[in-house]
Amino acid sequence: MPTTGDALQPFELPEFYMPYPARLNPNVDRARAHTRRWAADMGFFDDQLGHRIWGPSDLERHDYGLLCAYTHPDCDGPELDLITDWYVWVFYFDDHFLELFKRTRDTKGAKDYLDRLREFMPLDGGPTPEPTNPVERGLADLWARTVPPMSMDWRRRFAATTRALLEESRWELANISEDRVANPIEYIEMRRQVGGAPWSANLVEHAVGAEVPASLAATRPLEVLRDTFADAVHLRNDIFSYEREVRAEGENANGILVVERFFGYDTQSAANLVNDLLTSRLQQFEHTALTEVPMLFARNTVGPAEQMAVYAYAKGLQDWQSGGHEWHMRSSRYMNKGGTVAAGSGIGFSRPTGLGSSAARVPASVPRSERVRMRSFVHARFEPVGPTPLPEIYMPYPLRLNPLLDSARTTLLVWGREIGLYEPVPDLGGLPLWTPNDLCQFDFALCSAGMDPDATADELDISAAWLAWGTYLDDYYPQVFGRRRNAAAARAQTTRLSDSMPLDDSGCPPAANTMERGLADLWQRTTADLNGAQRLELRSAVMRFIEGCEWEVINDVADRIPDPVDYIEMRRRTFGSDVTKAMSRLSKRDPVLSEVRRKQTILDLENTAADFGALVNDLYSYQKEAEYEGDLHNAVRVLRNFFECGRDEAVGMVNDLLTARIRQFDRIVTVEMPVLYTESDLDAAARASLDRRVVELQDWMAGILHWHEVTGRYRATELEARYRPAGSPVPAAASRLSALLRPSGLGTGGACIDELLTPTHLGESVVP
């Protein structure tokens with residue numbers, strides 16, 4: 001058993017992936033001396049309501065000057081002083097909140113305390129109240145020293161991440177009070193809020209003197225840089241702080257504890273798995289910085305100055321990772337004996353190439369950190385998984401079906417013929433993507449009837465048509481653009497689809513294919529009574545779905561199975577949940593203020609339902625996607641790849657995740673929403689509206705599950721007929737590939753499509 005001094009460590013520290021060396025700011029001693037005086041001036045060493053939070057020796061031992069000198073190696077002396085004071089303040093806040101509210105479980109006092117801190121962050125730099133404790137005094141001083149040179153956009157973002165850092169501490173407190181450990185998806189999301197790394201990312205902009213352009217801050221690549229940075233910072237801290245937080249302090253917001261409880265792992269195995277996820281998030285950061293960010297610049301014609309600002313920010317985040325690791329290895333605050341750093345190859349990783357590489361497996365001799373990267377690229381495209389035995393899926397809500405179902409079925413078949421769902425697709429060798437029998441078997445009207453049992457005839461018809469159009473596009477992008485490895489064509493199509501959704505009454509450009517024709521028709525019918533702001537909301541939701549499909553094409557080009565966290569978050573987009581959510585809200589007069597809808601409670605309510613629906617889809621579609629389509633975007637496949645486990649184990653994990661999400665949904669409804677109603681002082685109409693939304697989401701989940709149980713889209717006999725025509729030795733989806741262009745991009749190794757269709761690549765079941 002590994003030891004720390006005379007005490008036993010609960011696990012052996014894993015080998016960490018960190019290909020970038022830490023660098024130390026030469027102003028470190030100045031920052032230490034400055035922050036020592038500053039902390040004393042703010043009253044951090046004074047007793048607080050009978051509690052001794054810190055003494056001078058605590059500050060010396062924790063050495064936050066060293067932390068900031070490692071994480072911000074290039075800034076000058078005054079800037080390092082400011083950054084160090086911020087970190088001293090945030091760590092003091094964490095311990096202050098622990099002693100006064102977490103240990104005493106004083107939830108009401110915690111709310112009053114946190115609400116008042118908002119008043120010390122005026123965006124315009126105006127006056128603040130008189131501080132009553134060291135946390136308020138420190139925040140007032142830091143805010144006045146920090147915001148003057150920064151733009152209003154940065155101030156808003158920094159205030160938002162600071163509020164999240166402070167206020168989501170209540171989430172930790174609630175879990176401690178209930179002795180509740182979060183599920184893995186919830187934990188990653190909420191750890192970003194309470195752990196503070198997005199806040200740190202904002203301070204990186206300040207330290208490097210380069211703000212992220214406001215026009216790019218909300219784009220996927222910049223959000224992924226921020227979130228992968230945050231996840232890696234938090235997961236690393238979870239490994240080092242497990243002994244102190246879980247064993248000594250009784251905290252339960254720790255990734256290792258989450259893995260122990262949810263997956264049933266022992267502590268050492270849980271620590272290794274958390275380190276694998278940390279490695280995967282760092283490698284996702286690299287992948288995004290080197291692939292998605294340049295494409296973002298090209299698409300948006302970003303100028304040189306703004307490009308340099310983004311790259312300075314990315315480099316600052318990279319410096320933070322390596323410096324943060326070095327500090328954790330040195331600080332007395334953490335368990336840090338025995339940790340090593342892998343000599344990783346970093347961004348310069350070389351993938352195996354040549355005939356047969358797509359069916360390769362990662363050798364056991366490969367270091368663990370490189371193994372995490374390699375298994376995302378080294379895999380068989382098509383896998384003969386067979387019909388998937390499904391577990392019992394937890395569904396506590398009754399199914400209600402709209403009585404207008406039969407009429408909607410007939411209307412949808414007519415609409416499909418009118419817009420051309422059965423027309424030949426030139427890029428598929430003149431074959432249609434769908435046939436009339438396909439649309440009949442898919443039965444999207446049944447799905448709509450379950451999702452919205454109270455809809456009118458027109459509402460039900462348009463809902464079914466949206467489902468059909470979205471699924472057609474979801475099939476088209478991978479089978480046409482993905483298999484051709486043609487990301488440029490996918491981008492061009494995405495742009496044309498955006499043009500098919502005008503915000504005014506100017507009309508759409510002439511449709512060039514079925515997707516554009518269908519979207520133009522749906523847009524006109526859906527937005528006839530919407531104002532400009534409502535149209536923008538709906539178009540944004542539709543574009544998130546389309547761009548999610550484009551993201552899948554980019555992964556197809558790289559032959560890359562996604563990182564598990566990135567997959568779950570993008571799956572909400574590719575499943576189309578944002579579209580149905582927007583349509584539901586826009587179809588009714590909603591008395592709920594937008595600021596209430598942005599509350600974490602409501603966001604969690606929507607996301608838990610969306611995750612349930614998407615994960616149900618992944619269970620039912622696994623054979624179709626893995627065996628017949630070679631699709632890499634399925635939760636079963638993602639978890640099999642990450643955990644290096646078998647099909648049935650991965651299926652069980654997916655079922656456990658969707659069960660945890662629906663149980664979290666129930667907890668939000670019964671525990672969190674009543675608190676939100678009271679704290680937000682919602683009137684009867686607003687409460688009734690949110691209560692209706694709960695019922696809508698319950699109907700939505702029950703309808704989604706029922707449709708998957710009944711539809712022919714995933715039935716083994718229908719798959720065999722649709723994808724493997726009589727006499728064909730390989731799936732029809734794969735047979736089409738021989739007519740497409742020669743592949744290009746990462747990992748093709750010069751092999752042509754015909755070579756890649758040999759049984760070696762497709763699995764033994766394709767042999768006649």
# chains A, B, ... in the order shown; residues from 1 in each chain; ligands from 1
$ residues_around --residues "stretch 323-325 of chain A" --least-positions-apart "4" --cutoff "12 Å" --atoms "only C-alpha atoms" --output "PyMOL selection string"
chain A and resi 15-25+64-74+197+200+229-230+232-240+278+316-319+329-331+334+336+339-341
$ write_last_selection --atoms "C-alpha atoms" --output "short mmCIF file (atom, residue, chain, number, x, y, z; two decimals), in the first residue's frame"
data_model
loop_
_atom_site.label_atom_id
_atom_site.label_comp_id
_atom_site.auth_asym_id
_atom_site.auth_seq_id
_atom_site.Cartn_x
_atom_site.Cartn_y
_atom_site.Cartn_z
CA GLU A 15 0.82 7.87 -14.54
CA PHE A 16 -0.35 11.27 -15.77
CA TYR A 17 -0.45 12.46 -19.37
CA MET A 18 1.32 15.82 -19.53
CA PRO A 19 3.42 16.38 -22.68
CA TYR A 20 4.08 20.06 -21.95
CA PRO A 21 6.72 21.03 -19.37
CA ALA A 22 5.77 23.35 -16.53
CA ARG A 23 7.49 26.75 -16.46
CA LEU A 24 7.91 28.97 -13.41
CA ASN A 25 7.25 32.71 -13.47
CA TYR A 64 -0.80 29.74 -3.94
CA GLY A 65 1.97 32.04 -5.14
CA LEU A 66 3.70 28.95 -6.47
CA LEU A 67 0.45 27.74 -8.06
CA CYS A 68 -0.06 30.99 -9.95
CA ALA A 69 3.60 31.29 -10.91
CA TYR A 70 3.39 27.84 -12.49
CA THR A 71 -0.02 28.36 -14.13
CA HIS A 72 0.76 31.86 -15.44
CA PRO A 73 4.48 31.71 -16.28
CA ASP A 74 4.68 34.71 -18.65
CA ALA A 197 -12.08 26.18 -13.94
CA SER A 200 -9.87 30.29 -14.27
CA PHE A 229 -9.64 22.62 -19.83
CA ALA A 230 -12.15 22.75 -16.99
CA ALA A 232 -9.03 18.22 -16.92
CA VAL A 233 -8.35 20.70 -14.10
CA HIS A 234 -11.16 19.27 -11.98
CA LEU A 235 -10.43 15.60 -12.62
CA ARG A 236 -6.76 16.14 -11.80
CA ASN A 237 -7.76 17.87 -8.56
CA ASP A 238 -10.13 15.00 -7.74
CA ILE A 239 -7.25 12.52 -7.94
CA PHE A 240 -4.95 14.53 -5.71
CA LEU A 278 -8.52 13.27 -17.68
CA GLY A 316 -2.47 30.08 -21.61
CA LEU A 317 -4.86 27.20 -20.90
CA GLN A 318 -2.13 24.73 -21.83
CA ASP A 319 0.32 26.45 -19.47
CA MET A 329 2.75 17.49 -6.95
CA ARG A 330 4.36 20.00 -4.56
CA SER A 331 1.54 21.40 -2.39
CA TYR A 334 -2.82 17.17 -1.40
CA ASN A 336 1.09 13.61 -3.99
CA GLY A 339 2.94 10.29 -9.11
CA THR A 340 4.77 10.16 -12.45
CA VAL A 341 4.30 11.85 -15.80
#
$ closest_atom_pairs --of "stretch 151-197 of chain A" --to "stretch 254-261 of chain A" --cutoff "8 Å" --atoms "only C-alpha atoms" --output "tab-separated table"
residue	atom	partner	partner_atom	distance
A:Val181	CA	A:Val258	CA	6.4
A:Ala182	CA	A:Val258	CA	6.6
A:Asn183	CA	A:Val258	CA	6.7
A:Pro184	CA	A:Val258	CA	6.4
A:Tyr187	CA	A:Gly255	CA	7.4
$ closest_residue --among "A:His379, A:Glu423, A:Asp461, A:Pro384" --to "A:Leu405" --atoms "only C-alpha atoms"
A:Asp461
$ residues_around --residues "stretch 469-476 of chain A" --least-positions-apart "5" --cutoff "7 Å" --atoms "only C-alpha atoms" --output "list in words"
Met515, Gly518 and Cys549 of chain A
$ closest_atom_pairs --of "stretch 615-730 of chain A" --to "stretch 570-576 of chain A" --cutoff "12 Å" --atoms "only C-alpha atoms" --output "JSON lines"
{"residue": "A:Leu615", "atom": "CA", "partner": "A:Arg571", "partner_atom": "CA", "distance": 8.7}
{"residue": "A:Val616", "atom": "CA", "partner": "A:Phe575", "partner_atom": "CA", "distance": 10.8}
{"residue": "A:Asn617", "atom": "CA", "partner": "A:Phe575", "partner_atom": "CA", "distance": 8.6}
{"residue": "A:Asp618", "atom": "CA", "partner": "A:Arg571", "partner_atom": "CA", "distance": 9.8}
{"residue": "A:His633", "atom": "CA", "partner": "A:Arg571", "partner_atom": "CA", "distance": 8.5}
{"residue": "A:Asn634", "atom": "CA", "partner": "A:Arg571", "partner_atom": "CA", "distance": 8.8}
{"residue": "A:Ala635", "atom": "CA", "partner": "A:Arg571", "partner_atom": "CA", "distance": 8.9}
{"residue": "A:Val638", "atom": "CA", "partner": "A:Arg571", "partner_atom": "CA", "distance": 11.7}
{"residue": "A:Ile704", "atom": "CA", "partner": "A:Phe575", "partner_atom": "CA", "distance": 11.4}
$ write_last_selection --atoms "all heavy atoms" --output "mmCIF file, in the first residue's frame"
data_model
loop_
_atom_site.group_PDB
_atom_site.id
_atom_site.type_symbol
_atom_site.label_atom_id
_atom_site.label_comp_id
_atom_site.auth_asym_id
_atom_site.auth_seq_id
_atom_site.Cartn_x
_atom_site.Cartn_y
_atom_site.Cartn_z
ATOM 1 N N LEU A 615 -29.989 8.244 -25.158
ATOM 2 C CA LEU A 615 -29.388 6.979 -24.762
ATOM 3 C C LEU A 615 -30.302 5.800 -25.071
ATOM 4 O O LEU A 615 -29.828 4.709 -25.417
ATOM 5 C CB LEU A 615 -29.027 7.012 -23.280
ATOM 6 C CG LEU A 615 -27.900 7.994 -22.919
ATOM 7 C CD1 LEU A 615 -27.737 8.099 -21.399
ATOM 8 C CD2 LEU A 615 -26.586 7.593 -23.569
ATOM 9 N N VAL A 616 -31.615 5.985 -24.960
ATOM 10 C CA VAL A 616 -32.552 4.946 -25.415
ATOM 11 C C VAL A 616 -32.331 4.672 -26.899
ATOM 12 O O VAL A 616 -32.255 3.516 -27.338
ATOM 13 C CB VAL A 616 -34.010 5.370 -25.145
ATOM 14 C CG1 VAL A 616 -34.985 4.505 -25.952
ATOM 15 C CG2 VAL A 616 -34.338 5.269 -23.663
ATOM 16 N N ASN A 617 -32.205 5.741 -27.681
ATOM 17 C CA ASN A 617 -31.968 5.576 -29.109
ATOM 18 C C ASN A 617 -30.681 4.800 -29.375
ATOM 19 O O ASN A 617 -30.628 3.933 -30.264
ATOM 20 C CB ASN A 617 -31.923 6.941 -29.790
ATOM 21 C CG ASN A 617 -31.647 6.839 -31.273
ATOM 22 O OD1 ASN A 617 -30.504 6.972 -31.707
ATOM 23 N ND2 ASN A 617 -32.681 6.576 -32.059
ATOM 24 N N ASP A 618 -29.639 5.081 -28.601
ATOM 25 C CA ASP A 618 -28.366 4.403 -28.815
ATOM 26 C C ASP A 618 -28.452 2.914 -28.499
ATOM 27 O O ASP A 618 -27.792 2.091 -29.152
ATOM 28 C CB ASP A 618 -27.274 5.060 -27.973
ATOM 29 C CG ASP A 618 -26.806 6.386 -28.559
ATOM 30 O OD1 ASP A 618 -27.251 6.731 -29.662
ATOM 31 O OD2 ASP A 618 -26.002 7.073 -27.913
ATOM 32 N N HIS A 633 -20.832 6.857 -33.902
ATOM 33 C CA HIS A 633 -21.482 7.749 -32.941
ATOM 34 C C HIS A 633 -22.652 7.042 -32.261
ATOM 35 O O HIS A 633 -23.819 7.198 -32.629
ATOM 36 C CB HIS A 633 -21.937 9.025 -33.647
ATOM 37 C CG HIS A 633 -20.808 9.735 -34.313
ATOM 38 N ND1 HIS A 633 -20.452 9.497 -35.620
ATOM 39 C CD2 HIS A 633 -19.925 10.645 -33.845
ATOM 40 C CE1 HIS A 633 -19.403 10.243 -35.924
ATOM 41 N NE2 HIS A 633 -19.071 10.941 -34.869
ATOM 42 N N ASN A 634 -22.316 6.251 -31.270
ATOM 43 C CA ASN A 634 -23.305 5.504 -30.503
ATOM 44 C C ASN A 634 -22.727 5.301 -29.108
ATOM 45 O O ASN A 634 -21.557 4.942 -28.964
ATOM 46 C CB ASN A 634 -23.590 4.161 -31.185
ATOM 47 C CG ASN A 634 -24.636 3.350 -30.443
ATOM 48 O OD1 ASN A 634 -24.364 2.776 -29.390
ATOM 49 N ND2 ASN A 634 -25.833 3.287 -31.000
ATOM 50 N N ALA A 635 -23.541 5.523 -28.080
ATOM 51 C CA ALA A 635 -23.026 5.465 -26.711
ATOM 52 C C ALA A 635 -22.480 4.091 -26.359
ATOM 53 O O ALA A 635 -21.486 3.982 -25.630
ATOM 54 C CB ALA A 635 -24.126 5.863 -25.719
ATOM 55 N N VAL A 638 -19.094 4.007 -27.951
ATOM 56 C CA VAL A 638 -18.183 4.931 -27.271
ATOM 57 C C VAL A 638 -17.713 4.345 -25.940
ATOM 58 O O VAL A 638 -16.522 4.398 -25.605
ATOM 59 C CB VAL A 638 -18.867 6.295 -27.061
ATOM 60 C CG1 VAL A 638 -18.058 7.182 -26.116
ATOM 61 C CG2 VAL A 638 -19.062 7.006 -28.401
ATOM 62 N N ILE A 704 -40.986 8.494 -26.628
ATOM 63 C CA ILE A 704 -39.727 8.098 -27.265
ATOM 64 C C ILE A 704 -39.469 6.608 -27.037
ATOM 65 O O ILE A 704 -39.115 5.860 -27.961
ATOM 66 C CB ILE A 704 -38.560 8.934 -26.704
ATOM 67 C CG1 ILE A 704 -38.621 10.375 -27.231
ATOM 68 C CG2 ILE A 704 -37.208 8.300 -27.038
ATOM 69 C CD1 ILE A 704 -38.167 10.539 -28.645
#
$ residues_around --residues "stretch 683-695 of chain A" --least-positions-apart "5" --cutoff "10 Å" --atoms "only C-alpha atoms" --output "list of chain:residue names"
A:Tyr397, A:Lys581, A:Ser584, A:Arg585, A:Lys588, A:Arg589, A:Asp590, A:Pro591, A:Val592, A:Leu593, A:Val596, A:Arg597, A:Ile602, A:Leu605, A:Glu606, A:Ala609, A:Phe665, A:Asp666, A:Ile668, A:Val669, A:Met673, A:Pro674, A:Leu676, A:Tyr677, A:Thr678, A:Trp700, A:Met701
$ write_last_selection --atoms "N, CA, C and O atoms" --output "short mmCIF file (atom, residue, chain, number, x, y, z; two decimals), in the first residue's frame"
data_model
loop_
_atom_site.label_atom_id
_atom_site.label_comp_id
_atom_site.auth_asym_id
_atom_site.auth_seq_id
_atom_site.Cartn_x
_atom_site.Cartn_y
_atom_site.Cartn_z
N TYR A 397 -43.43 6.73 -16.18
CA TYR A 397 -44.53 7.58 -16.65
C TYR A 397 -45.43 6.80 -17.62
O TYR A 397 -44.93 6.05 -18.47
N LYS A 581 -37.64 21.03 -28.10
CA LYS A 581 -37.78 21.92 -26.95
C LYS A 581 -38.21 23.31 -27.40
O LYS A 581 -39.13 23.92 -26.82
N SER A 584 -41.85 23.34 -28.66
CA SER A 584 -42.81 23.27 -27.56
C SER A 584 -42.99 24.63 -26.91
O SER A 584 -44.12 25.05 -26.63
N ARG A 585 -41.89 25.32 -26.67
CA ARG A 585 -41.97 26.62 -26.00
C ARG A 585 -42.63 27.67 -26.88
O ARG A 585 -43.43 28.48 -26.42
N LYS A 588 -46.62 27.93 -27.44
CA LYS A 588 -47.49 28.36 -26.33
C LYS A 588 -47.09 29.75 -25.86
O LYS A 588 -45.95 30.15 -25.99
N ARG A 589 -48.01 30.45 -25.27
CA ARG A 589 -47.71 31.73 -24.64
C ARG A 589 -47.09 31.43 -23.28
O ARG A 589 -47.75 30.94 -22.37
N ASP A 590 -45.79 31.70 -23.15
CA ASP A 590 -45.04 31.27 -21.98
C ASP A 590 -44.85 32.44 -21.02
O ASP A 590 -44.17 33.41 -21.34
N PRO A 591 -45.42 32.34 -19.81
CA PRO A 591 -45.27 33.44 -18.85
C PRO A 591 -43.97 33.38 -18.04
O PRO A 591 -43.74 34.24 -17.19
N VAL A 592 -43.13 32.38 -18.29
CA VAL A 592 -41.91 32.22 -17.51
C VAL A 592 -40.80 33.09 -18.09
O VAL A 592 -40.52 33.04 -19.29
N LEU A 593 -40.18 33.90 -17.25
CA LEU A 593 -39.12 34.79 -17.70
C LEU A 593 -37.93 33.98 -18.19
O LEU A 593 -37.62 32.89 -17.68
N VAL A 596 -35.41 32.85 -15.65
CA VAL A 596 -35.76 31.67 -14.88
C VAL A 596 -35.47 30.41 -15.69
O VAL A 596 -34.96 29.42 -15.16
N ARG A 597 -35.75 30.44 -16.98
CA ARG A 597 -35.48 29.28 -17.83
C ARG A 597 -33.98 28.99 -17.93
O ARG A 597 -33.60 27.87 -18.26
N ILE A 602 -33.70 24.35 -14.30
CA ILE A 602 -34.48 24.13 -15.51
C ILE A 602 -33.60 23.55 -16.61
O ILE A 602 -34.04 22.66 -17.37
N LEU A 605 -33.33 19.96 -15.87
CA LEU A 605 -34.59 19.27 -16.18
C LEU A 605 -34.63 18.90 -17.66
O LEU A 605 -34.95 17.75 -18.02
N GLU A 606 -34.31 19.85 -18.52
CA GLU A 606 -34.34 19.60 -19.96
C GLU A 606 -33.25 18.61 -20.36
O GLU A 606 -33.49 17.71 -21.18
N ALA A 609 -33.91 14.83 -19.47
CA ALA A 609 -34.86 14.22 -20.40
C ALA A 609 -34.21 13.97 -21.76
O ALA A 609 -34.39 12.90 -22.36
N PHE A 665 -34.12 13.41 -13.06
CA PHE A 665 -35.27 14.20 -13.51
C PHE A 665 -36.33 14.23 -12.41
O PHE A 665 -36.86 15.30 -12.05
N ASP A 666 -36.65 13.06 -11.87
CA ASP A 666 -37.66 13.00 -10.81
C ASP A 666 -37.25 13.80 -9.59
O ASP A 666 -38.07 14.48 -8.96
N ILE A 668 -35.29 16.42 -9.53
CA ILE A 668 -35.41 17.85 -9.86
C ILE A 668 -36.85 18.30 -9.66
O ILE A 668 -37.11 19.37 -9.08
N VAL A 669 -37.79 17.48 -10.12
CA VAL A 669 -39.20 17.83 -10.02
C VAL A 669 -39.66 17.90 -8.57
O VAL A 669 -40.38 18.84 -8.17
N MET A 673 -37.34 21.92 -7.96
CA MET A 673 -38.27 22.91 -8.52
C MET A 673 -39.08 23.64 -7.46
O MET A 673 -39.28 24.85 -7.57
N PRO A 674 -39.57 22.98 -6.41
CA PRO A 674 -40.26 23.75 -5.36
C PRO A 674 -39.37 24.83 -4.74
O PRO A 674 -39.85 25.93 -4.43
N LEU A 676 -36.91 26.36 -6.33
CA LEU A 676 -36.81 27.40 -7.36
C LEU A 676 -38.05 28.28 -7.37
O LEU A 676 -37.93 29.52 -7.48
N TYR A 677 -39.22 27.69 -7.26
CA TYR A 677 -40.46 28.47 -7.25
C TYR A 677 -40.45 29.50 -6.13
O TYR A 677 -40.82 30.67 -6.32
N THR A 678 -40.02 29.05 -4.96
CA THR A 678 -40.02 29.95 -3.80
C THR A 678 -38.95 31.03 -3.93
O THR A 678 -39.22 32.22 -3.73
N TRP A 700 -42.93 13.09 -23.42
CA TRP A 700 -41.89 12.99 -24.44
C TRP A 700 -41.04 11.75 -24.22
O TRP A 700 -40.77 10.98 -25.15
N MET A 701 -40.61 11.51 -22.97
CA MET A 701 -39.77 10.34 -22.69
C MET A 701 -40.54 9.04 -22.87
O MET A 701 -40.02 8.07 -23.45
#
$ closest_residue --among "A:Ala614, A:Val28, A:Met150, A:Met501" --to "A:Leu657" --atoms "only C-alpha atoms"
A:Ala614
$ select_by_dssp --residues "stretch 432-623 of chain A" --states "alpha helix (DSSP H)" --output "ChimeraX atom specification"
/A:436-442,444-451,457-476,483-484,487-499,514-527,532-558,564-574,577-586,594-597,600-623
